[in-house]
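Shown below: run-v5.pdb, with PDB, C-alpha atoms and all ligand atoms.
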```pdb
ATOM      1  CA  TRP L1487     172.953 232.384 226.482  1.00  0.00           C
ATOM      2  CA  GLN L1488     173.245 234.900 223.714  1.00  0.00           C
ATOM      3  CA  LYS L1489     170.340 237.342 223.303  1.00  0.00           C
ATOM      4  CA  ILE L1490     169.582 238.282 219.690  1.00  0.00           C
ATOM      5  CA  GLU L1491     167.353 241.326 219.397  1.00  0.00           C
ATOM      6  CA  ALA L1492     166.143 243.758 216.783  1.00  0.00           C
ATOM      7  CA  GLU L1493     162.868 245.624 216.256  1.00  0.00           C
ATOM      8  CA  GLY L1494     160.179 242.951 216.734  1.00  0.00           C
ATOM      9  CA  LEU L1495     162.805 240.188 216.933  1.00  0.00           C
ATOM     10  CA  ASP L1496     163.547 238.396 220.172  1.00  0.00           C
ATOM     11  CA  CYS L1497     165.680 235.232 220.135  1.00  0.00           C
ATOM     12  CA  ASP L1498     167.913 233.337 222.530  1.00  0.00           C
ATOM     13  CA  TYR L1499     170.783 231.182 221.331  1.00  0.00           C
ATOM     14  CA  ALA L1500     172.851 228.667 223.296  1.00  0.00           C
ATOM     15  CA  GLN L1501     174.865 225.484 223.017  1.00  0.00           C
ATOM     16  CA  LEU L1502     172.452 222.901 224.436  1.00  0.00           C
ATOM     17  CA  PHE L1503     174.452 219.696 223.861  1.00  0.00           C
ATOM     18  CA  SER L1504     178.177 218.909 224.015  1.00  0.00           C
ATOM     19  CA  LYS L1505     179.823 217.637 220.815  1.00  0.00           C
ATOM     20  CA  GLU L1506     179.721 214.066 222.111  1.00  0.00           C
ATOM     21  CA  GLU L1507     176.031 214.287 223.040  1.00  0.00           C
ATOM     22  CA  ALA L1508     175.170 215.947 219.741  1.00  0.00           C
ATOM     23  CA  ASP L1509     177.096 213.283 217.735  1.00  0.00           C
ATOM     24  CA  ASN L1510     175.202 210.597 219.588  1.00  0.00           C
ATOM     25  CA  LEU L1511     171.777 212.254 219.060  1.00  0.00           C
ATOM     26  CA  PHE L1512     172.477 212.767 215.357  1.00  0.00           C
ATOM     27  CA  GLN L1513     173.361 209.081 214.950  1.00  0.00           C
ATOM     28  CA  LYS L1514     170.254 207.914 216.800  1.00  0.00           C
ATOM     29  CA  LEU L1515     167.986 210.176 214.753  1.00  0.00           C
ATOM     30  CA  GLU L1516     169.529 208.808 211.564  1.00  0.00           C
ATOM     31  CA  GLU L1517     168.450 205.347 212.711  1.00  0.00           C
ATOM     32  CA  GLU L1518     164.998 206.263 214.064  1.00  0.00           C
ATOM     33  CA  LEU L1519     163.459 208.847 211.787  1.00  0.00           C
ATOM     34  CA  VAL L1520     161.374 208.099 208.729  1.00  0.00           C
ATOM     35  CA  TYR L1521     160.993 210.963 206.267  1.00  0.00           C
ATOM     36  CA  ALA L1522     157.962 211.852 204.186  1.00  0.00           C
ATOM     37  CA  THR L1523     157.566 210.634 200.640  1.00  0.00           C
ATOM     38  CA  GLY L1524     154.951 211.256 197.953  1.00  0.00           C
ATOM     39  CA  GLU L1525     152.517 214.120 198.455  1.00  0.00           C
ATOM     40  CA  GLU L1526     153.797 214.750 201.962  1.00  0.00           C
ATOM     41  CA  ALA L1527     157.234 215.601 200.525  1.00  0.00           C
ATOM     42  CA  THR L1528     155.777 218.451 198.453  1.00  0.00           C
ATOM     43  CA  VAL L1529     154.471 221.955 198.980  1.00  0.00           C
ATOM     44  CA  GLN L1530     151.726 223.808 197.170  1.00  0.00           C
ATOM     45  CA  VAL L1531     152.422 227.369 196.149  1.00  0.00           C
ATOM     46  CA  PHE L1532     149.616 229.213 194.361  1.00  0.00           C
ATOM     47  CA  GLY L1533     148.120 225.842 193.419  1.00  0.00           C
ATOM     48  CA  LYS L1534     151.377 224.455 191.964  1.00  0.00           C
ATOM     49  CA  VAL L1535     153.071 221.460 193.520  1.00  0.00           C
ATOM     50  CA  TYR L1536     156.830 221.485 194.164  1.00  0.00           C
ATOM     51  CA  SER L1537     159.087 218.918 195.802  1.00  0.00           C
ATOM     52  CA  ILE L1538     160.891 220.308 198.796  1.00  0.00           C
ATOM     53  CA  PRO L1539     164.675 220.753 198.568  1.00  0.00           C
ATOM     54  CA  ARG L1540     165.397 218.602 201.648  1.00  0.00           C
ATOM     55  CA  LYS L1541     163.722 215.748 203.578  1.00  0.00           C
ATOM     56  CA  GLN L1542     161.003 216.390 206.104  1.00  0.00           C
ATOM     57  CA  ALA L1543     159.118 214.525 208.835  1.00  0.00           C
ATOM     58  CA  THR L1544     156.572 215.468 211.505  1.00  0.00           C
ATOM     59  CA  TYR L1545     156.251 213.840 214.932  1.00  0.00           C
ATOM     60  CA  GLY L1546     154.111 214.695 217.937  1.00  0.00           C
ATOM     61  CA  ASP L1547     151.234 213.864 220.246  1.00  0.00           C
ATOM     62  CA  ALA L1548     148.611 211.405 218.990  1.00  0.00           C
ATOM     63  CA  GLY L1549     146.055 212.788 216.583  1.00  0.00           C
ATOM     64  CA  LEU L1550     147.722 216.152 215.991  1.00  0.00           C
ATOM     65  CA  THR L1551     147.980 217.589 212.526  1.00  0.00           C
ATOM     66  CA  TYR L1552     149.629 220.751 211.289  1.00  0.00           C
ATOM     67  CA  THR L1553     148.857 222.384 207.958  1.00  0.00           C
ATOM     68  CA  TYR L1554     151.464 224.488 206.204  1.00  0.00           C
ATOM     69  CA  SER L1555     152.372 225.179 202.617  1.00  0.00           C
ATOM     70  CA  GLY L1556     149.043 223.759 201.524  1.00  0.00           C
ATOM     71  CA  ILE L1557     149.661 220.263 202.911  1.00  0.00           C
ATOM     72  CA  THR L1558     148.332 218.774 206.156  1.00  0.00           C
ATOM     73  CA  ARG L1559     150.972 216.834 208.059  1.00  0.00           C
ATOM     74  CA  MET L1560     150.038 214.127 210.599  1.00  0.00           C
ATOM     75  CA  ALA L1561     152.146 213.644 213.701  1.00  0.00           C
ATOM     76  CA  CYS L1562     153.970 210.289 213.778  1.00  0.00           C
ATOM     77  CA  PRO L1563     154.362 208.987 217.358  1.00  0.00           C
ATOM     78  CA  TRP L1564     157.379 210.433 219.230  1.00  0.00           C
ATOM     79  CA  THR L1565     160.535 208.307 218.973  1.00  0.00           C
ATOM     80  CA  PRO L1566     162.675 207.779 222.131  1.00  0.00           C
ATOM     81  CA  THR L1567     165.375 210.206 220.941  1.00  0.00           C
ATOM     82  CA  LEU L1568     162.880 212.891 219.935  1.00  0.00           C
ATOM     83  CA  GLU L1569     161.296 212.541 223.387  1.00  0.00           C
ATOM     84  CA  ASP L1570     164.709 212.932 225.049  1.00  0.00           C
ATOM     85  CA  ILE L1571     165.463 216.084 223.048  1.00  0.00           C
ATOM     86  CA  ARG L1572     161.944 217.475 223.605  1.00  0.00           C
ATOM     87  CA  ASP L1573     162.314 216.932 227.357  1.00  0.00           C
ATOM     88  CA  ALA L1574     165.721 218.648 227.397  1.00  0.00           C
ATOM     89  CA  VAL L1575     164.160 221.608 225.562  1.00  0.00           C
ATOM     90  CA  THR L1576     161.297 221.718 228.091  1.00  0.00           C
ATOM     91  CA  ARG L1577     163.742 221.644 231.029  1.00  0.00           C
ATOM     92  CA  THR L1578     165.653 224.526 229.453  1.00  0.00           C
ATOM     93  CA  THR L1579     162.680 226.711 228.509  1.00  0.00           C
ATOM     94  CA  GLY L1580     159.907 225.760 230.943  1.00  0.00           C
ATOM     95  CA  GLN L1581     157.635 225.410 227.895  1.00  0.00           C
ATOM     96  CA  THR L1582     155.857 222.270 226.708  1.00  0.00           C
ATOM     97  CA  PHE L1583     155.764 221.215 223.064  1.00  0.00           C
ATOM     98  CA  ASN L1584     153.417 218.754 221.361  1.00  0.00           C
ATOM     99  CA  PHE L1585     154.797 218.722 217.812  1.00  0.00           C
ATOM    100  CA  VAL L1586     158.145 218.749 216.028  1.00  0.00           C
ATOM    101  CA  VAL L1587     158.973 219.422 212.389  1.00  0.00           C
ATOM    102  CA  VAL L1588     162.173 217.664 211.334  1.00  0.00           C
ATOM    103  CA  ASN L1589     164.173 218.889 208.344  1.00  0.00           C
ATOM    104  CA  ARG L1590     167.154 216.922 207.016  1.00  0.00           C
ATOM    105  CA  TYR L1591     169.562 218.683 204.681  1.00  0.00           C
ATOM    106  CA  LYS L1592     171.818 216.148 202.953  1.00  0.00           C
ATOM    107  CA  ASP L1593     174.397 218.847 202.131  1.00  0.00           C
ATOM    108  CA  GLY L1594     174.662 222.586 201.463  1.00  0.00           C
ATOM    109  CA  LEU L1595     172.500 222.382 198.351  1.00  0.00           C
ATOM    110  CA  ASP L1596     169.480 221.423 200.418  1.00  0.00           C
ATOM    111  CA  HIS L1597     167.919 224.560 201.843  1.00  0.00           C
ATOM    112  CA  MET L1598     164.761 226.283 203.085  1.00  0.00           C
ATOM    113  CA  GLY L1599     163.178 229.336 201.433  1.00  0.00           C
ATOM    114  CA  GLU L1600     162.200 232.459 203.306  1.00  0.00           C
ATOM    115  CA  HIS L1601     159.054 232.080 205.420  1.00  0.00           C
ATOM    116  CA  ARG L1602     157.503 232.811 208.789  1.00  0.00           C
ATOM    117  CA  ASP L1603     156.208 230.216 211.228  1.00  0.00           C
ATOM    118  CA  ASP L1604     152.976 232.076 211.853  1.00  0.00           C
ATOM    119  CA  GLU L1605     150.229 229.564 211.121  1.00  0.00           C
ATOM    120  CA  ARG L1606     147.090 230.151 213.141  1.00  0.00           C
ATOM    121  CA  GLU L1607     147.335 226.578 214.422  1.00  0.00           C
ATOM    122  CA  LEU L1608     150.426 227.521 216.446  1.00  0.00           C
ATOM    123  CA  ASP L1609     149.939 228.767 219.983  1.00  0.00           C
ATOM    124  CA  PRO L1610     150.918 232.423 219.548  1.00  0.00           C
ATOM    125  CA  LEU L1611     152.337 232.663 223.070  1.00  0.00           C
ATOM    126  CA  CYS L1612     154.653 229.684 222.747  1.00  0.00           C
ATOM    127  CA  PRO L1613     158.159 230.213 221.368  1.00  0.00           C
ATOM    128  CA  ILE L1614     159.464 227.961 218.587  1.00  0.00           C
ATOM    129  CA  ALA L1615     162.463 225.980 219.782  1.00  0.00           C
ATOM    130  CA  SER L1616     164.986 224.955 217.143  1.00  0.00           C
ATOM    131  CA  VAL L1617     167.672 222.318 217.769  1.00  0.00           C
ATOM    132  CA  SER L1618     170.421 221.832 215.177  1.00  0.00           C
ATOM    133  CA  LEU L1619     172.586 218.742 214.751  1.00  0.00           C
ATOM    134  CA  GLY L1620     175.265 218.071 212.121  1.00  0.00           C
ATOM    135  CA  ALA L1621     176.828 220.581 209.733  1.00  0.00           C
ATOM    136  CA  ALA L1622     176.752 224.195 210.933  1.00  0.00           C
ATOM    137  CA  ARG L1623     174.581 226.328 208.632  1.00  0.00           C
ATOM    138  CA  ASP L1624     173.867 230.012 208.190  1.00  0.00           C
ATOM    139  CA  PHE L1625     170.396 231.172 209.196  1.00  0.00           C
ATOM    140  CA  VAL L1626     169.053 234.534 208.052  1.00  0.00           C
ATOM    141  CA  PHE L1627     166.207 236.679 209.380  1.00  0.00           C
ATOM    142  CA  ARG L1628     164.705 239.418 207.221  1.00  0.00           C
ATOM    143  CA  HIS L1629     162.123 241.956 208.399  1.00  0.00           C
ATOM    144  CA  ARG L1630     158.794 241.720 206.559  1.00  0.00           C
ATOM    145  CA  ASP L1631     159.020 245.415 205.563  1.00  0.00           C
ATOM    146  CA  ALA L1632     162.540 245.067 204.159  1.00  0.00           C
ATOM    147  CA  ARG L1633     162.110 242.234 201.659  1.00  0.00           C
ATOM    148  CA  GLY L1634     162.537 242.717 197.935  1.00  0.00           C
ATOM    149  CA  LYS L1635     163.454 245.743 195.846  1.00  0.00           C
ATOM    150  CA  MET L1636     160.164 247.564 196.421  1.00  0.00           C
ATOM    151  CA  SER L1637     160.320 247.242 200.179  1.00  0.00           C
ATOM    152  CA  GLY L1638     159.424 250.296 202.202  1.00  0.00           C
ATOM    153  CA  ARG L1639     162.254 250.208 204.713  1.00  0.00           C
ATOM    154  CA  ARG L1640     165.953 249.546 204.880  1.00  0.00           C
ATOM    155  CA  MET L1641     166.655 247.143 207.688  1.00  0.00           C
ATOM    156  CA  GLU L1642     169.711 244.939 207.913  1.00  0.00           C
ATOM    157  CA  PRO L1643     169.081 241.195 207.914  1.00  0.00           C
ATOM    158  CA  VAL L1644     170.050 239.389 211.111  1.00  0.00           C
ATOM    159  CA  LYS L1645     172.433 236.496 210.380  1.00  0.00           C
ATOM    160  CA  LEU L1646     173.666 233.735 212.613  1.00  0.00           C
ATOM    161  CA  GLU L1647     175.341 230.363 212.320  1.00  0.00           C
ATOM    162  CA  LEU L1648     173.517 227.434 213.881  1.00  0.00           C
ATOM    163  CA  ALA L1649     176.158 225.100 215.306  1.00  0.00           C
ATOM    164  CA  HIS L1650     176.112 221.336 215.980  1.00  0.00           C
ATOM    165  CA  GLY L1651     174.169 220.824 219.234  1.00  0.00           C
ATOM    166  CA  SER L1652     172.876 224.388 219.330  1.00  0.00           C
ATOM    167  CA  PHE L1653     169.527 225.724 220.377  1.00  0.00           C
ATOM    168  CA  LEU L1654     167.686 228.775 219.030  1.00  0.00           C
ATOM    169  CA  LEU L1655     164.564 230.006 220.751  1.00  0.00           C
ATOM    170  CA  MET L1656     162.362 232.238 218.584  1.00  0.00           C
ATOM    171  CA  ASN L1657     160.167 234.144 221.033  1.00  0.00           C
ATOM    172  CA  PRO L1658     156.984 235.997 220.117  1.00  0.00           C
ATOM    173  CA  PRO L1659     156.570 238.290 218.238  1.00  0.00           C
ATOM    174  CA  THR L1660     159.612 237.295 216.095  1.00  0.00           C
ATOM    175  CA  ASN L1661     157.572 235.222 213.645  1.00  0.00           C
ATOM    176  CA  THR L1662     155.086 238.028 213.089  1.00  0.00           C
ATOM    177  CA  PHE L1663     157.651 240.525 211.853  1.00  0.00           C
ATOM    178  CA  TRP L1664     160.628 238.504 210.613  1.00  0.00           C
ATOM    179  CA  TYR L1665     160.984 235.908 207.861  1.00  0.00           C
ATOM    180  CA  HIS L1666     163.740 233.327 208.141  1.00  0.00           C
ATOM    181  CA  SER L1667     165.591 231.102 205.715  1.00  0.00           C
ATOM    182  CA  LEU L1668     168.398 228.580 205.484  1.00  0.00           C
ATOM    183  CA  PRO L1669     170.264 229.544 202.298  1.00  0.00           C
ATOM    184  CA  VAL L1670     172.220 227.269 199.946  1.00  0.00           C
ATOM    185  CA  ARG L1671     175.879 226.905 200.944  1.00  0.00           C
ATOM    186  CA  LYS L1672     177.623 224.998 198.147  1.00  0.00           C
ATOM    187  CA  ARG L1673     180.807 224.241 200.099  1.00  0.00           C
ATOM    188  CA  ILE L1674     178.986 222.273 202.775  1.00  0.00           C
ATOM    189  CA  SER L1675     179.124 218.556 202.083  1.00  0.00           C
ATOM    190  CA  ARG L1676     177.930 217.128 205.391  1.00  0.00           C
ATOM    191  CA  PRO L1677     174.301 216.553 206.450  1.00  0.00           C
ATOM    192  CA  ARG L1678     172.353 218.484 209.043  1.00  0.00           C
ATOM    193  CA  ILE L1679     169.159 217.719 210.966  1.00  0.00           C
ATOM    194  CA  ASN L1680     167.029 220.527 212.378  1.00  0.00           C
ATOM    195  CA  LEU L1681     164.161 220.030 214.819  1.00  0.00           C
ATOM    196  CA  THR L1682     161.637 222.801 215.443  1.00  0.00           C
ATOM    197  CA  PHE L1683     159.501 222.082 218.492  1.00  0.00           C
ATOM    198  CA  ARG L1684     156.104 223.789 218.426  1.00  0.00           C
ATOM    199  CA  ARG L1685     152.844 223.933 220.337  1.00  0.00           C
ATOM    200  CA  VAL L1686     149.985 223.204 217.976  1.00  0.00           C
ATOM    201  CA  GLN L1687     146.430 223.995 219.081  1.00  0.00           C
ATOM    202  CA  ARG L1688     143.777 221.342 218.616  1.00  0.00           C
ATOM    203  CA  CYS L1689     140.284 221.978 217.305  1.00  0.00           C
ATOM    204  CA  LEU L1690     140.783 225.088 215.213  1.00  0.00           C
ATOM    205  CA  ASP L1691     138.233 225.634 212.522  1.00  0.00           C
ATOM    206  CA  ARG L1692     140.137 224.650 209.403  1.00  0.00           C
ATOM    207  CA  SER L1693     138.179 226.944 207.111  1.00  0.00           C
ATOM    208  CA  THR L1694     139.597 229.998 208.857  1.00  0.00           C
ATOM    209  CA  MET L1695     143.175 228.786 208.862  1.00  0.00           C
ATOM    210  CA  ALA L1696     145.683 230.848 206.942  1.00  0.00           C
ATOM    211  CA  VAL L1697     147.600 228.979 204.275  1.00  0.00           C
ATOM    212  CA  HIS L1698     150.939 230.614 203.696  1.00  0.00           C
ATOM    213  CA  SER L1699     152.342 230.517 200.234  1.00  0.00           C
ATOM    214  CA  ASP L1700     155.743 231.914 200.976  1.00  0.00           C
ATOM    215  CA  ARG L1701     157.478 229.013 202.567  1.00  0.00           C
ATOM    216  CA  TYR L1702     159.858 226.280 201.708  1.00  0.00           C
ATOM    217  CA  GLY L1703     160.499 226.465 197.995  1.00  0.00           C
ATOM    218  CA  GLU L1704     162.587 228.811 195.934  1.00  0.00           C
ATOM    219  CA  PRO L1705     159.662 229.781 193.669  1.00  0.00           C
ATOM    220  CA  ALA L1706     157.855 231.209 196.645  1.00  0.00           C
ATOM    221  CA  SER L1707     160.666 233.209 198.173  1.00  0.00           C
ATOM    222  CA  GLN L1708     159.873 236.263 196.073  1.00  0.00           C
ATOM    223  CA  SER L1709     156.208 236.346 196.969  1.00  0.00           C
TER     224      SER L1709
HETATM  225  O1  LIG X1801     166.654 224.194 209.356  1.00  0.00           O
HETATM  226  C1  LIG X1801     166.459 225.238 209.948  1.00  0.00           C
HETATM  227  O2  LIG X1801     167.215 225.695 210.802  1.00  0.00           O
HETATM  228  C2  LIG X1801     165.216 226.039 209.589  1.00  0.00           C
HETATM  229  C3  LIG X1801     163.961 225.340 209.990  1.00  0.00           C
HETATM  230  C4  LIG X1801     162.761 226.203 209.760  1.00  0.00           C
HETATM  231  O3  LIG X1801     162.855 227.324 209.328  1.00  0.00           O
HETATM  232  C5  LIG X1801     161.426 225.692 210.052  1.00  0.00           C
HETATM  233  O4  LIG X1801     161.285 224.497 210.409  1.00  0.00           O
HETATM  234  O5  LIG X1801     160.466 226.468 209.921  1.00  0.00           O
END
```

Rewritten as structure tokens:
Amino acid sequence: WQKIEAEGLDCDYAQLFSKEEADNLFQKLEEELVYATGEEATVQVFGKVYSIPRKQATYGDAGLTYTYSGITRMACPWTPTLEDIRDAVTRTTGQTFNFVVVNRYKDGLDHMGEHRDDERELDPLCPIASVSLGAARDFVFRHRDARGKMSGRRMEPVKLELAHGSFLLMNPPTNTFWYHSLPVRKRISRPRINLTFRRVQRCLDRSTMAVHSDRYGEPASQS
């Protein structure tokens, strides 16, 4: 395990699957997963609708929903491979997860804008567990006080490469203080699938739920 730490940032990184296992999981997910289309493949930022620069799907326990970027996502029933990966993550962390957000990047042009995973629906004590399969991609954390030209503090971003079969555990309070993004990397031609396992709380009063505008699209990354 590699410990990644900075002020308010606490992550663990490890190789969870061998190359052979990871190749096999990637192939199975390519066969099993169905990605969102239509409104579910968009985000809303300050009332404007944008298509997301990658494919996305949400799976989890029956009846769960998760609202982010202005859109409510329903959990599709777990597939056998997602269950296998979820169970491996639970064995490794001792934590249980009831929801997974899947992002598929067809190549290095697909990306994810800077955001935090800090929706009120998420159990604040549960880490977010991220499994990466396929092309290795850079992943960048930036402290919330060190974003943009007018930012109050100078703090170096924390950068890592997420390898095929790797596992990144984002422990609390990382997502309170640090934004993360998956930047464009034009030289990458191969696809990548990322799974972020989460614990979503049922029965929250929707009217009090924060809707975060700074996630997922380029237009929002400056907000
Ligand atoms: O693809 C990745 O590694 C980033 C995923 C991510 O940031 C998210 O699901 O919130």

Discussion item. To one decimal place in Å, what is the distance between CA of Ala1649 in chain L and CA of Ser1537 in chain L?
Written reply: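 Separation between CA of Ala1649 in chain L and CA of Ser1537 in chain L: 26.6 Å.
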
Practice prompt. For Ala1492 in chain L, please output as a list in words all residues within 12 Å (counting all atoms listed in the file; exclusion window: fewer than 3 positions along the same chain).
Written response: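 These residues fall inside the cut-off: Lys1489, Leu1495, Asp1496, Cys1497, Phe1627, Arg1628, His1629, Met1641, Glu1642, Pro1643, Val1644, Lys1645, Pro1659, Thr1660, Phe1663 and Trp1664 of chain L.
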
Restricted to C-alpha atoms, what would the selected residues look like written as a CSV table (one decimal), in the frame of the given file?
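This is the output file result_19.csv:
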```csv
chain,number,residue,atom,x,y,z
L,1489,LYS,CA,170.3,237.3,223.3
L,1495,LEU,CA,162.8,240.2,216.9
L,1496,ASP,CA,163.5,238.4,220.2
L,1497,CYS,CA,165.7,235.2,220.1
L,1627,PHE,CA,166.2,236.7,209.4
L,1628,ARG,CA,164.7,239.4,207.2
L,1629,HIS,CA,162.1,242.0,208.4
L,1641,MET,CA,166.7,247.1,207.7
L,1642,GLU,CA,169.7,244.9,207.9
L,1643,PRO,CA,169.1,241.2,207.9
L,1644,VAL,CA,170.0,239.4,211.1
L,1645,LYS,CA,172.4,236.5,210.4
L,1659,PRO,CA,156.6,238.3,218.2
L,1660,THR,CA,159.6,237.3,216.1
L,1663,PHE,CA,157.7,240.5,211.9
L,1664,TRP,CA,160.6,238.5,210.6
```

Item to complete: For Gln1542 in chain L, please output as a VMD selection string all residues within 10 Å (counting all atoms listed in the file; exclusion window: fewer than 2 positions along the same chain).
Response: chain L and resid 1519 to 1523 1526 to 1528 1538 to 1540 1544 1587 to 1591 1679 to 1681

Worksheet item: Using only C-alpha atoms and all ligand atoms, which residue out of L:Asn1657, L:Thr1682, L:Gln1513, L:Gln1501 lies closest to ligand LIG 1801 (chain X)?
Response: L:Thr1682

Fill in: Selection dump of the PyMOL selection byres (((not hetatm)) within 9 of (chain X and resi 1801)), as a VMD selection string
chain L and resid 1586 to 1591 1597 to 1603 1614 1616 to 1618 1623 to 1625 1648 1654 1665 to 1668 1678 to 1683 1701 to 1702

Item to complete: Can you pull out every residue within 9 Å of Pro1610 in chain L, counting all atoms listed in the file, but drop anything in the same chain fewer than 4 positions away, and send it as a list in words?
Response: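 Answer for this query is Asp1604, Glu1605, Arg1606, Pro1658, Pro1659 and Arg1685 of chain L.
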
Worksheet entry | Which residue of L:Tyr1554, L:Ala1621, L:Ala1632, L:Ser1652 approaches Gly1594 in chain L most closely, using all atoms listed in the file |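 Under the stated criterion, the closest residue is L:Ala1621.
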
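Residues with any atom within 7 Å of range 1565-1571 of chain L, counting all atoms listed in the file and excluding same-chain neighbours fewer than 6 positions away, are Leu1511, Lys1514, Leu1515 and Glu1518 of chain L.
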
Discussion item. Given only C-alpha atoms as the basis, pick out the residue of L:Thr1553, L:Thr1558, L:Asn1510, L:Ser1637 nearest to His1650 in chain L.
Written reply: L:Asn1510

Worksheet item: Taking into account all atoms listed in the file, which residue in the set L:Asn1584, L:Lys1672, L:Val1531, L:Phe1653 is nearest to Thr1551 in chain L?
Response: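 The answer is L:Asn1584, which sits nearest to Thr1551 in chain L.
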
Hits of the PyMOL selection byres (((chain L and resi 1547) around 8) and not hetatm) in this structure, as a PDB file with C-alpha atoms, keeping the file's coordinate frame:
```
ATOM      1  CA  TYR L1545     156.251 213.840 214.932  1.00  0.00           C
ATOM      2  CA  GLY L1546     154.111 214.695 217.937  1.00  0.00           C
ATOM      3  CA  ALA L1548     148.611 211.405 218.990  1.00  0.00           C
ATOM      4  CA  GLY L1549     146.055 212.788 216.583  1.00  0.00           C
ATOM      5  CA  LEU L1550     147.722 216.152 215.991  1.00  0.00           C
ATOM      6  CA  ALA L1561     152.146 213.644 213.701  1.00  0.00           C
ATOM      7  CA  CYS L1562     153.970 210.289 213.778  1.00  0.00           C
ATOM      8  CA  PRO L1563     154.362 208.987 217.358  1.00  0.00           C
ATOM      9  CA  TRP L1564     157.379 210.433 219.230  1.00  0.00           C
ATOM     10  CA  ASN L1584     153.417 218.754 221.361  1.00  0.00           C
ATOM     11  CA  PHE L1585     154.797 218.722 217.812  1.00  0.00           C
TER      12      PHE L1585
END
```

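The gap separating CA of Tyr1536 in chain L from CA of Ala1615 in chain L is 26.6 Å, in Å to one decimal.
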